[in-house]
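Peer 1: Dumping the structure here so I can ask a few things about it.
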Amino acid sequence: MQTIIHWFRRDLRVSDNTALHEAWSRGNCVVPVFILDDAILQAADCAAARVAYQLGVLESLRKNLEALGHRLILRHGTPHEELVKLSRDVKADAVFTNRDYEPYAIARDRKVAGALYEAGVYFESFKDHVIWENREILTKAGEPYTVFTPYSRAWRAKGVPPPVPKLGRAKTPVPESVKSLPVPTSSDALGHRLRQQLPDAGEHAGLEVLKQFLADRVYRYDTSRNFPADEAGTSRLSPHFRFGTVGTRTVFAKLFAARDTAPPASDAACQVWETELIWREFYQQILANYPHVAERCFRPEYDDLKWSGTDAQFDAWCAGQTGFPIVDAAMRCLNATGGMHNRLRMIVAMFLTKDLLISWQRGERYFMQQLLDGELAANNGGWQWSAGCGTDAAPYFRIFNPVSQGEKFDPEGNFVRKWVPELRDAPAELIHQPWENPLLLARSKYPAPIVDHARQRERCLAMFKAVKAPTPKA
DNA sequence: TGAAATGTTGGGGCG
DNA sequence: ACGCCCCAACATTTC
């Protein structure tokens, strides 16, 4: 083949990129393209911060391609139309891309495949985003796993392929006559300046974050990951996974190398992180095999739950004004940074669904509107897990107590103090339940709790009982 | 990748 | 010395 278009989506890197490497090795001329898609940019669950971050990723990708003699073509429009146009412009023989498992992406790619077929252009997609996809890991009965632990066992038994070689230097340049938009700055794109500071974007940043984490922090990950006040406790790789500024195979290869050079005592901690990476694969696979989860509960009986929380309560949750310090600190952190520690995601998700009795779908959408790392599979899986209606879900009667969770995982109250300045001077014994000291509460100007946890817990149990679902195993 | 209610046990104060 | 009660502390059950 002569000219092959590589269509970038969530694989914005030049190393360990399956389809991109295939395009380079099979073709004489690679035309790398990214298409700004209004169906994504104007969707109800789009986050301004995520778009701004992605523009940074694209600019970094453009430079990385340029360093290898490639020119990134940026287009704005409907993917199947733009790809047909570009195929004509460059006289492409083929379009390659890496697979994406979201329902919107699957429908979009089907349209692209049809349009390219009619235009006489070969289209091929590759597995890249995950190690094992769709139906590559099945139970003995030939069905996809819906419980994590046996899935992870089968996953580990299969081994991990090595990284794909980095993109080579351009053999033939893309003709100057082929038009490309400049990569917009975030203020161009958003019409305003984003107030928040975004983490470094791009492939170099991703590899650096990975390197820092694997240098030593991973060796204490098993315990450090539970304490949100410890900013080095987790890998902080999620935005890089989201946009593909790290390659999944690269991450595993480097993790295994770190494990093999470390004392055996840290094996366990490395395993715990590996398990988190497998959770990511698990939810990708769930979304691919059970696409109804994008809209509804994995277990259909829970679609009948009668959520009774109010809009005012939802607004208080979003704004971090519920009167429960660990919840409010977490939400304010999300709003300010576009990120949230995983422990806190569980706490605020449990609180929205089981204390405020508001549907997980509303929380899921709000997370998507804020998170830099927001993507359907992981976000949806986490929310359904918390709500107790998903695959391998927490049983519905497992209800976090926001006070004891705060005391357990933020014992000094340092995370709360950082994001809830009203409680900066509260003593550790009271910081997770300031209402116990009315004088302190009044002086702090911090809101009183908007619900009574014990009462809401009872209401939640009654709400779940009303749908008469079989009790999941504990 | 819980929490709360309920049940059981055992030490110590006390008559 | 002994039984009784109280109540942590821990275990089990239930949601």
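Going through the structure tokens in order, the chains are called A, B, and so on, while each chain numbers its residues from 1 and the ligands are numbered from 1 in the order shown.
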Can you tell me which residues surround DC5 in chain C at a distance of at most 12 Å, considering only C-alpha atoms (C1' of nucleotides), apart from same-chain residues fewer than 2 positions away, and format the answer as a list in words?

Peer 2: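 My list of contacting residues is DG12, DG13, DC14 and DG15 of chain B; DG3 and DC7 of chain C.
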
Peer 1: Just C-alpha atoms (C1' of nucleotides) for this one: save the residues we selected as a compact mmCIF listing (two decimals), in the first residue's frame.

Peer 2:
# COMPACT_ATOMS: atom_id res chain seq x y z
C1' DG B 12 -13.89 -6.25 87.63
C1' DG B 13 -16.74 -3.76 91.09
C1' DC B 14 -19.78 -4.67 94.51
C1' DG B 15 -22.85 -6.54 98.05
C1' DG C 3 -23.31 -14.42 92.40
C1' DC C 7 -20.19 -2.97 80.13

Peer 1: Output as a PyMOL selection string the set of chain A residues within 7 Å of chain B, with distances taken over only C-alpha atoms (C1' of nucleotides).

Peer 2: chain A and resi 398-400

Peer 1: Name the residues in contact with range 177-186 of chain A at a cut-off of 6 Å, using only C-alpha atoms (C1' of nucleotides), excluding same-chain residues fewer than 4 positions from it; report them as a PyMOL selection string.

Peer 2: chain A and resi 52+73-74+190

Peer 1: Check the DSSP output for the backbone and give back, as a list in words, the residues of range 50-168 of chain A in strand (DSSP E or B).

Peer 2: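 Answer for range 50-168 of chain A restricted to strand (DSSP E or B) is Ile73, Leu74, Arg75, His76, Ala94, Val95, Phe96, Thr97, Asn98, Tyr122, Phe123, Glu124, Ser125, Phe126, Leu138 and Pro144 of chain A.
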
Peer 1: Please, could you write that set of residues out with C-alpha atoms as a PDB file, in the first residue's frame?

Peer 2:
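Output file selection29.pdb is given in full below:
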ATOM      1  CA  ILE A  73      -3.636  16.993  10.019  1.00  0.00           C
ATOM      2  CA  LEU A  74      -6.359  18.514  12.169  1.00  0.00           C
ATOM      3  CA  ARG A  75      -9.912  18.662  10.853  1.00  0.00           C
ATOM      4  CA  HIS A  76     -13.225  19.743  12.306  1.00  0.00           C
ATOM      5  CA  ALA A  94      -6.481   2.905   3.550  1.00  0.00           C
ATOM      6  CA  VAL A  95      -7.559   4.321   6.899  1.00  0.00           C
ATOM      7  CA  PHE A  96      -6.252   2.678  10.083  1.00  0.00           C
ATOM      8  CA  THR A  97      -7.448   3.337  13.594  1.00  0.00           C
ATOM      9  CA  ASN A  98      -7.397   1.854  17.098  1.00  0.00           C
ATOM     10  CA  TYR A 122      -9.803   0.105   2.826  1.00  0.00           C
ATOM     11  CA  PHE A 123     -10.585   0.505   6.547  1.00  0.00           C
ATOM     12  CA  GLU A 124      -9.038  -1.477   9.366  1.00  0.00           C
ATOM     13  CA  SER A 125      -9.201  -1.133  13.128  1.00  0.00           C
ATOM     14  CA  PHE A 126      -6.802  -2.558  15.718  1.00  0.00           C
ATOM     15  CA  LEU A 138     -14.414 -15.913  28.569  1.00  0.00           C
ATOM     16  CA  PRO A 144     -17.854 -12.823  29.290  1.00  0.00           C
TER      17      PRO A 144
END

Peer 1: At what distance in Å, to one decimal, does CA of Met463 in chain A lie from CA of Leu334 in chain A?

Peer 2: 28.7 Å

Peer 1: Output as a list in words the set of chain A residues within 12 Å of chain C, with distances taken over only C-alpha atoms (C1' of nucleotides).

Peer 2: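 Every residue of chain A that passes the 12 Å test is in Pro395, Tyr396, Phe397, Arg398, Ile399, Arg457, Glu458, Arg459, Cys460, Leu461, Ala462, Phe464, Lys465, Thr471, Pro472 and Ala474 of chain A.
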
Peer 1: Mind giving me the straight-line distance from CA of Ala454 in chain A to CA of Thr353 in chain A in Å, one decimal?

Peer 2: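 Atom-to-atom, CA of Ala454 in chain A and CA of Thr353 in chain A are spaced 14.3 Å apart.
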